[in-house]
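Peer 1: Please find input.pdb (PDB, C-alpha atoms, pLDDT in the B column) on the next line:
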MODEL        1
ATOM      1  CA  MET A 229      33.378  32.554   8.528  1.00 46.00           C
ATOM      2  CA  LYS A 230      33.601  30.826   5.121  1.00 47.00           C
ATOM      3  CA  ASN A 231      30.448  28.840   5.923  1.00 44.00           C
ATOM      4  CA  ILE A 232      28.482  31.987   6.813  1.00 48.00           C
ATOM      5  CA  ILE A 233      29.491  33.692   3.553  1.00 49.00           C
ATOM      6  CA  LEU A 234      28.585  30.557   1.563  1.00 45.00           C
ATOM      7  CA  VAL A 235      25.145  30.312   3.215  1.00 43.00           C
ATOM      8  CA  LEU A 236      24.432  33.998   2.591  1.00 45.00           C
ATOM      9  CA  LEU A 237      25.553  33.723  -1.034  1.00 46.00           C
ATOM     10  CA  LEU A 238      23.405  30.639  -1.677  1.00 48.00           C
ATOM     11  CA  SER A 239      20.417  32.300   0.005  1.00 50.00           C
ATOM     12  CA  PHE A 240      20.829  35.395  -2.175  1.00 46.00           C
ATOM     13  CA  ILE A 241      21.144  33.345  -5.392  1.00 49.00           C
ATOM     14  CA  GLY A 242      18.181  31.187  -4.402  1.00 48.00           C
ATOM     15  CA  SER A 243      15.973  34.162  -3.610  1.00 45.00           C
ATOM     16  CA  LYS A 244      16.816  35.819  -6.932  1.00 46.00           C
ATOM     17  CA  THR A 245      16.172  32.582  -8.841  1.00 43.00           C
ATOM     18  CA  PHE A 246      12.739  32.014  -7.283  1.00 44.00           C
ATOM     19  CA  ALA A 247      11.723  35.683  -7.357  1.00 46.00           C
ATOM     20  CA  GLY A 248      12.773  36.013 -10.993  1.00 48.00           C
ATOM     21  CA  ASN A 249      10.361  33.218 -11.897  1.00 48.00           C
ATOM     22  CA  GLY A 250       7.474  34.701  -9.901  1.00 50.00           C
ATOM     23  CA  ILE A 251       7.900  32.144  -7.128  1.00 48.00           C
ATOM     24  CA  THR A 252       8.052  33.604  -3.651  1.00 45.00           C
ATOM     25  CA  TYR A 253       8.178  32.086  -0.207  1.00 41.00           C
ATOM     26  CA  GLN A 254       4.563  33.098   0.342  1.00 41.00           C
ATOM     27  CA  SER A 255       3.404  31.348  -2.833  1.00 42.00           C
ATOM     28  CA  LEU A 256       5.223  28.177  -1.843  1.00 41.00           C
ATOM     29  CA  VAL A 257       3.994  28.072   1.745  1.00 42.00           C
ATOM     30  CA  LEU A 258       0.827  30.143   2.123  1.00 43.00           C
ATOM     31  CA  ASP A 259      -1.024  29.867  -1.196  1.00 42.00           C
ATOM     32  CA  ASP A 260      -1.989  26.197  -1.222  1.00 45.00           C
ATOM     33  CA  SER A 261      -4.797  26.565  -3.777  1.00 47.00           C
ATOM     34  CA  THR A 262      -2.615  27.311  -6.810  1.00 46.00           C
ATOM     35  CA  ASN A 263       0.152  24.778  -6.098  1.00 48.00           C
ATOM     36  CA  LYS A 264      -1.969  21.837  -4.941  1.00 52.00           C
ATOM     37  CA  GLN A 265      -0.780  18.468  -6.239  1.00 64.00           C
ATOM     38  CA  GLU A 266      -2.422  15.097  -5.806  1.00 74.00           C
ATOM     39  CA  SER A 267      -0.673  12.838  -3.305  1.00 83.00           C
ATOM     40  CA  HIS A 268       0.630   9.485  -4.508  1.00 92.00           C
ATOM     41  CA  HIS A 269       0.802   7.935  -1.022  1.00 96.00           C
ATOM     42  CA  MET A 270      -1.997   6.109   0.801  1.00 96.00           C
ATOM     43  CA  VAL A 271      -2.249   4.161   4.051  1.00 97.00           C
ATOM     44  CA  GLY A 272      -5.053   1.938   5.235  1.00 97.00           C
ATOM     45  CA  LEU A 273      -6.342  -1.496   6.108  1.00 97.00           C
ATOM     46  CA  ASN A 274      -6.625  -4.378   3.679  1.00 96.00           C
ATOM     47  CA  ALA A 275      -8.207  -7.822   3.862  1.00 95.00           C
ATOM     48  CA  GLY A 276      -7.545 -10.341   1.123  1.00 94.00           C
ATOM     49  CA  PHE A 277      -6.191 -13.796   0.441  1.00 92.00           C
ATOM     50  CA  ILE A 278      -3.861 -12.441  -2.247  1.00 93.00           C
ATOM     51  CA  THR A 279      -3.416  -8.740  -1.446  1.00 94.00           C
ATOM     52  CA  GLY A 280      -2.742  -9.448   2.227  1.00 93.00           C
ATOM     53  CA  LEU A 281      -4.224  -8.683   5.589  1.00 92.00           C
ATOM     54  CA  GLY A 282      -3.467  -5.809   7.916  1.00 95.00           C
ATOM     55  CA  LEU A 283      -1.775  -2.430   7.726  1.00 96.00           C
ATOM     56  CA  THR A 284      -1.215  -1.345   4.153  1.00 97.00           C
ATOM     57  CA  TYR A 285       0.834   1.237   2.271  1.00 97.00           C
ATOM     58  CA  ARG A 286      -0.030   2.065  -1.320  1.00 96.00           C
ATOM     59  CA  TYR A 287       2.075   4.119  -3.758  1.00 96.00           C
ATOM     60  CA  ALA A 288       0.288   5.301  -6.914  1.00 93.00           C
ATOM     61  CA  PRO A 289       2.473   7.578  -9.066  1.00 93.00           C
ATOM     62  CA  SER A 290       0.670   6.743 -12.333  1.00 92.00           C
ATOM     63  CA  ASN A 291      -1.712   4.112 -13.637  1.00 94.00           C
ATOM     64  CA  PHE A 292       0.568   1.565 -11.970  1.00 96.00           C
ATOM     65  CA  MET A 293       0.147   1.212  -8.197  1.00 96.00           C
ATOM     66  CA  HIS A 294       2.270  -0.710  -5.693  1.00 97.00           C
ATOM     67  CA  GLN A 295       0.866  -1.989  -2.425  1.00 97.00           C
ATOM     68  CA  VAL A 296       2.512  -3.632   0.604  1.00 97.00           C
ATOM     69  CA  SER A 297       0.470  -5.171   3.436  1.00 97.00           C
ATOM     70  CA  PHE A 298       1.861  -6.321   6.766  1.00 95.00           C
ATOM     71  CA  LEU A 299       0.272  -8.150   9.698  1.00 93.00           C
ATOM     72  CA  PRO A 300       2.276  -9.223  12.751  1.00 91.00           C
ATOM     73  CA  VAL A 301       0.385 -11.089  15.479  1.00 88.00           C
ATOM     74  CA  VAL A 302       2.229 -12.188  18.612  1.00 88.00           C
ATOM     75  CA  SER A 303       0.617 -13.781  21.654  1.00 85.00           C
ATOM     76  CA  PRO A 304       1.845 -16.295  24.254  1.00 81.00           C
ATOM     77  CA  ASN A 305       0.641 -19.254  22.138  1.00 79.00           C
ATOM     78  CA  THR A 306       0.641 -17.919  18.582  1.00 84.00           C
ATOM     79  CA  THR A 307       2.982 -16.081  16.255  1.00 87.00           C
ATOM     80  CA  LEU A 308       1.712 -15.051  12.838  1.00 88.00           C
ATOM     81  CA  LEU A 309       3.419 -12.976  10.182  1.00 92.00           C
ATOM     82  CA  GLY A 310       1.707 -11.965   6.957  1.00 94.00           C
ATOM     83  CA  LEU A 311       3.484 -10.026   4.223  1.00 96.00           C
ATOM     84  CA  ALA A 312       2.010  -9.203   0.806  1.00 97.00           C
ATOM     85  CA  TYR A 313       2.970  -7.256  -2.307  1.00 97.00           C
ATOM     86  CA  THR A 314       0.483  -6.363  -5.029  1.00 97.00           C
ATOM     87  CA  LEU A 315       0.938  -4.619  -8.368  1.00 97.00           C
ATOM     88  CA  PHE A 316      -2.127  -2.814  -9.746  1.00 97.00           C
ATOM     89  CA  TYR A 317      -2.883  -1.238 -13.094  1.00 97.00           C
ATOM     90  CA  ARG A 318      -5.698   1.281 -13.522  1.00 96.00           C
ATOM     91  CA  VAL A 319      -7.406   0.286 -16.767  1.00 97.00           C
ATOM     92  CA  LYS A 320     -10.078   3.002 -16.672  1.00 96.00           C
ATOM     93  CA  ARG A 321     -10.173   6.118 -14.485  1.00 94.00           C
ATOM     94  CA  THR A 322     -13.266   8.182 -13.823  1.00 93.00           C
ATOM     95  CA  LYS A 323     -14.110  10.875 -11.310  1.00 92.00           C
ATOM     96  CA  HIS A 324     -15.615   8.455  -8.757  1.00 95.00           C
ATOM     97  CA  ILE A 325     -14.541   4.904  -9.737  1.00 96.00           C
ATOM     98  CA  ASP A 326     -11.372   3.314 -11.134  1.00 96.00           C
ATOM     99  CA  PHE A 327     -11.404  -0.083 -12.855  1.00 97.00           C
ATOM    100  CA  ILE A 328      -8.235  -1.975 -11.869  1.00 97.00           C
ATOM    101  CA  VAL A 329      -6.487  -5.271 -12.542  1.00 98.00           C
ATOM    102  CA  TYR A 330      -3.983  -6.750 -10.110  1.00 97.00           C
ATOM    103  CA  TRP A 331      -1.360  -9.396  -9.520  1.00 97.00           C
ATOM    104  CA  GLY A 332      -0.707 -10.164  -5.874  1.00 96.00           C
ATOM    105  CA  ASN A 333       1.536 -12.311  -3.692  1.00 96.00           C
ATOM    106  CA  ASN A 334       0.920 -13.124  -0.033  1.00 95.00           C
ATOM    107  CA  TYR A 335       3.290 -14.978   2.308  1.00 94.00           C
ATOM    108  CA  ILE A 336       1.997 -16.203   5.675  1.00 92.00           C
ATOM    109  CA  ASN A 337       4.130 -17.847   8.368  1.00 91.00           C
ATOM    110  CA  GLY A 338       2.546 -19.041  11.581  1.00 88.00           C
ATOM    111  CA  LYS A 339       3.548 -20.972  14.678  1.00 85.00           C
ATOM    112  CA  THR A 340       1.152 -22.235  17.366  1.00 80.00           C
ATOM    113  CA  ASN A 341       2.012 -23.782  20.730  1.00 77.00           C
ATOM    114  CA  ASN A 342      -0.987 -25.767  21.920  1.00 68.00           C
ATOM    115  CA  ASN A 343      -0.536 -28.477  24.541  1.00 64.00           C
ATOM    116  CA  PHE A 344      -4.325 -28.836  24.888  1.00 60.00           C
ATOM    117  CA  LEU A 345      -4.633 -30.736  21.592  1.00 59.00           C
ATOM    118  CA  GLY A 346      -1.762 -33.094  22.394  1.00 60.00           C
ATOM    119  CA  PHE A 347       0.996 -31.585  20.273  1.00 60.00           C
ATOM    120  CA  SER A 348       3.454 -29.005  21.368  1.00 68.00           C
ATOM    121  CA  GLU A 349       4.119 -26.918  18.287  1.00 72.00           C
ATOM    122  CA  VAL A 350       2.619 -26.520  14.840  1.00 73.00           C
ATOM    123  CA  THR A 351       4.345 -24.470  12.156  1.00 80.00           C
ATOM    124  CA  SER A 352       2.675 -23.583   8.891  1.00 83.00           C
ATOM    125  CA  GLN A 353       3.732 -21.591   5.870  1.00 88.00           C
ATOM    126  CA  SER A 354       1.712 -20.640   2.856  1.00 90.00           C
ATOM    127  CA  PHE A 355       2.297 -18.655  -0.276  1.00 92.00           C
ATOM    128  CA  ASN A 356      -0.623 -17.388  -2.326  1.00 93.00           C
ATOM    129  CA  THR A 357      -0.428 -15.715  -5.712  1.00 95.00           C
ATOM    130  CA  GLY A 358      -3.177 -14.622  -8.038  1.00 96.00           C
ATOM    131  CA  LEU A 359      -4.643 -12.343 -10.671  1.00 96.00           C
ATOM    132  CA  GLY A 360      -7.875 -10.436 -10.622  1.00 97.00           C
ATOM    133  CA  TYR A 361      -9.849  -7.290 -11.234  1.00 97.00           C
ATOM    134  CA  GLY A 362     -11.813  -4.840  -9.167  1.00 97.00           C
ATOM    135  CA  PHE A 363     -12.909  -1.305  -8.483  1.00 98.00           C
ATOM    136  CA  ASP A 364     -11.517   1.593  -6.440  1.00 96.00           C
ATOM    137  CA  PHE A 365     -14.399   3.716  -5.175  1.00 97.00           C
ATOM    138  CA  LYS A 366     -13.391   7.285  -4.302  1.00 95.00           C
ATOM    139  CA  LEU A 367     -15.162   8.365  -1.123  1.00 95.00           C
ATOM    140  CA  GLY A 368     -14.732  12.102  -1.006  1.00 90.00           C
ATOM    141  CA  GLU A 369     -11.372  13.712  -1.583  1.00 90.00           C
ATOM    142  CA  ASN A 370      -9.159  11.593   0.698  1.00 93.00           C
ATOM    143  CA  PHE A 371     -10.684   8.107   1.089  1.00 96.00           C
ATOM    144  CA  THR A 372     -10.744   5.140  -1.281  1.00 95.00           C
ATOM    145  CA  PHE A 373     -12.560   1.818  -0.840  1.00 97.00           C
ATOM    146  CA  ASN A 374     -11.575  -1.060  -3.095  1.00 95.00           C
ATOM    147  CA  LEU A 375     -13.447  -4.256  -3.822  1.00 97.00           C
ATOM    148  CA  MET A 376     -11.819  -6.957  -5.945  1.00 97.00           C
ATOM    149  CA  THR A 377     -12.132 -10.565  -7.011  1.00 97.00           C
ATOM    150  CA  GLY A 378      -9.784 -12.938  -8.760  1.00 96.00           C
ATOM    151  CA  TYR A 379      -8.394 -16.412  -9.179  1.00 95.00           C
ATOM    152  CA  ALA A 380      -5.568 -17.608  -6.967  1.00 94.00           C
ATOM    153  CA  LEU A 381      -3.092 -20.410  -6.385  1.00 94.00           C
ATOM    154  CA  PHE A 382      -2.885 -21.361  -2.694  1.00 91.00           C
ATOM    155  CA  THR A 383       0.077 -23.381  -1.424  1.00 90.00           C
ATOM    156  CA  LYS A 384       0.372 -24.615   2.150  1.00 80.00           C
ATOM    157  CA  SER A 385       3.330 -26.451   3.597  1.00 69.00           C
ATOM    158  CA  ARG A 386       3.252 -30.162   2.744  1.00 69.00           C
ATOM    159  CA  GLU A 387      -0.014 -29.948   0.787  1.00 74.00           C
ATOM    160  CA  THR A 388      -0.883 -30.022  -2.883  1.00 82.00           C
ATOM    161  CA  PRO A 389      -1.447 -26.539  -4.319  1.00 87.00           C
ATOM    162  CA  SER A 390      -5.061 -25.614  -5.029  1.00 90.00           C
ATOM    163  CA  TYR A 391      -6.854 -22.979  -7.129  1.00 91.00           C
ATOM    164  CA  TYR A 392      -9.797 -20.952  -5.840  1.00 91.00           C
ATOM    165  CA  MET A 393     -11.759 -17.781  -6.445  1.00 95.00           C
ATOM    166  CA  THR A 394     -10.777 -15.030  -4.049  1.00 94.00           C
ATOM    167  CA  ALA A 395     -12.197 -11.775  -2.684  1.00 94.00           C
ATOM    168  CA  GLU A 396     -10.249  -8.716  -1.564  1.00 95.00           C
ATOM    169  CA  LEU A 397     -11.189  -5.388  -0.003  1.00 96.00           C
ATOM    170  CA  GLY A 398      -9.483  -2.368   1.502  1.00 97.00           C
ATOM    171  CA  LEU A 399      -9.998   1.120   2.876  1.00 97.00           C
ATOM    172  CA  PHE A 400      -7.295   3.740   2.260  1.00 97.00           C
ATOM    173  CA  TYR A 401      -6.582   7.324   3.281  1.00 97.00           C
ATOM    174  CA  LYS A 402      -4.679   9.560   0.878  1.00 94.00           C
ATOM    175  CA  LEU A 403      -1.811  11.360   2.602  1.00 92.00           C
TER     176      LEU A 403
ENDMDL
END
When written as structure tokens, how does the structure in this file appear?

Peer 2:
Amino acid sequence: MKNIILVLLLSFIGSKTFAGNGITYQSLVLDDSTNKQESHHMVGLNAGFITGLGLTYRYAPSNFMHQVSFLPVVSPNTTLLGLAYTLFYRVKRTKHIDFIVYWGNNYINGKTNNNFLGFSEVTSQSFNTGLGYGFDFKLGENFTFNLMTGYALFTKSRETPSYYMTAELGLFYKL
């Protein structure tokens, strides 16, 4: 009985608080045009040596954006795991194009079983990190296509690190 009274009391106080400020249930739920806010969440596909390969989640609350890409591949002879994190900064924003700079990190771990070539198992790990710039092209209200280039440090297991130019691209849907 105490719980029912508490729920009714909180409902009454809440309804008076919202109604006193001109906020009603209908304005919160039904009238989407006046309360529309831009979403900060995006999902999509990404392909890049630094920004990662595969399914991607992007969070963009301000000029700073965070992106995580993930690619698991499992087959009878191959296991591959790619995981990347990228930090973006929007230098210039316009209605249709954003100019961005980025710093990305990509970790790739793979294992291959291949008796055909004479060895039973090959394991490789690599870590790539780099800086670059690019453009986010806004395709309509909900889609974004990005195209970027940069300079990256590539490290593979048991090899000397090397520096190369890199290219990145992605397609995202705003949630």

Peer 1: Which residues match the PyMOL selection byres ((chain A and resi 381) around 7) in the file above, as a ChimeraX atom specification?

Peer 2: /A:356-358,380,382-383,389-392

Peer 1: Save out the residues we just selected, C-alpha atoms, as a short mmCIF file (atom, residue, chain, number, x, y, z; two decimals), in the frame of the given file.

Peer 2:
data_model
loop_
_atom_site.label_atom_id
_atom_site.label_comp_id
_atom_site.auth_asym_id
_atom_site.auth_seq_id
_atom_site.Cartn_x
_atom_site.Cartn_y
_atom_site.Cartn_z
CA ASN A 356 -0.62 -17.39 -2.33
CA THR A 357 -0.43 -15.72 -5.71
CA GLY A 358 -3.18 -14.62 -8.04
CA ALA A 380 -5.57 -17.61 -6.97
CA PHE A 382 -2.88 -21.36 -2.69
CA THR A 383 0.08 -23.38 -1.42
CA PRO A 389 -1.45 -26.54 -4.32
CA SER A 390 -5.06 -25.61 -5.03
CA TYR A 391 -6.85 -22.98 -7.13
CA TYR A 392 -9.80 -20.95 -5.84
#

Peer 1: Using only C-alpha atoms, pick whichever of A:Leu299, A:Leu283, A:Ile278, A:Leu311 has the shortest atom-to-atom distance to Tyr330 (chain A).

Peer 2: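 Among the listed residues, A:Ile278 lies closest to Tyr330 (chain A).
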
Peer 1: CA of Pro289 (chain A) and CA of Ile328 (chain A), how far apart in Å?

Peer 2: 14.6 Å

Peer 1: Exactly which residues make up the result of the PyMOL selection byres ((chain A and resi 375) around 9) on this file, given as number ranges by chain?

Peer 2: A: 361-365, 373-374, 376-377, 395-398

Peer 1: Just write the chosen residues, C-alpha atoms, as a short mmCIF file (atom, residue, chain, number, x, y, z; two decimals), keeping the file's coordinate frame.

Peer 2:
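After the write, out_9.cif holds the following:
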data_model
loop_
_atom_site.label_atom_id
_atom_site.label_comp_id
_atom_site.auth_asym_id
_atom_site.auth_seq_id
_atom_site.Cartn_x
_atom_site.Cartn_y
_atom_site.Cartn_z
CA TYR A 361 -9.85 -7.29 -11.23
CA GLY A 362 -11.81 -4.84 -9.17
CA PHE A 363 -12.91 -1.30 -8.48
CA ASP A 364 -11.52 1.59 -6.44
CA PHE A 365 -14.40 3.72 -5.18
CA PHE A 373 -12.56 1.82 -0.84
CA ASN A 374 -11.58 -1.06 -3.10
CA MET A 376 -11.82 -6.96 -5.94
CA THR A 377 -12.13 -10.56 -7.01
CA ALA A 395 -12.20 -11.78 -2.68
CA GLU A 396 -10.25 -8.72 -1.56
CA LEU A 397 -11.19 -5.39 0.00
CA GLY A 398 -9.48 -2.37 1.50
#

Peer 1: So what do you get for CA of Leu309 (chain A) versus CA of Tyr285 (chain A), distance-wise?

Peer 2: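 Atom-to-atom, CA of Leu309 (chain A) and CA of Tyr285 (chain A) are spaced 16.5 Å apart.
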
Peer 1: Please compute the CA of Phe327 (chain A)-CA of Phe298 (chain A) distance, one decimal, in Å.

Peer 2: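 Here the two named atoms are 24.5 Å from each other.
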
Peer 1: So that I can see what lies close to Ser267 (chain A), please list as a count of residues only the residues with an atom at most 9 Å from it, counting all atoms listed in the file and leaving out residues fewer than 4 positions away in the same chain.

Peer 2: 4

Peer 1: Using all atoms listed in the file for the distances, tell me which of A:Thr307, A:Ser352, A:Thr372, A:Ser290 is nearest to His324 (chain A).

Peer 2: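 Of A:Thr307, A:Ser352, A:Thr372, A:Ser290, the one nearest His324 (chain A), counting all atoms listed in the file, is A:Thr372.
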
Peer 1: Running the PyMOL selection byres ((chain A and resi 353) around 8) on this model by hand, what would come out? Give it as a PDB file with C-alpha atoms, in the coordinates of the input.

Peer 2:
ATOM      1  CA  TYR A 335       3.290 -14.978   2.308  1.00 94.00           C
ATOM      2  CA  ILE A 336       1.997 -16.203   5.675  1.00 92.00           C
ATOM      3  CA  ASN A 337       4.130 -17.847   8.368  1.00 91.00           C
ATOM      4  CA  GLY A 338       2.546 -19.041  11.581  1.00 88.00           C
ATOM      5  CA  THR A 351       4.345 -24.470  12.156  1.00 80.00           C
ATOM      6  CA  SER A 352       2.675 -23.583   8.891  1.00 83.00           C
ATOM      7  CA  SER A 354       1.712 -20.640   2.856  1.00 90.00           C
ATOM      8  CA  PHE A 355       2.297 -18.655  -0.276  1.00 92.00           C
ATOM      9  CA  LYS A 384       0.372 -24.615   2.150  1.00 80.00           C
ATOM     10  CA  SER A 385       3.330 -26.451   3.597  1.00 69.00           C
TER      11      SER A 385
END

Peer 1: Between A:Phe277, A:Tyr401, A:Tyr317, A:Phe371, which has the minimum distance to Asn291 (chain A) (counting all atoms listed in the file)?

Peer 2: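 Smallest distance to Asn291 (chain A) is found for A:Tyr317.
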
Peer 1: For Met393 (chain A), which residue out of A:Glu369, A:Asn333, A:Ile325, A:Gly276 is the nearest one, using only C-alpha atoms?

Peer 2: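 Using only C-alpha atoms, the shortest distance to Met393 (chain A) belongs to A:Gly276.
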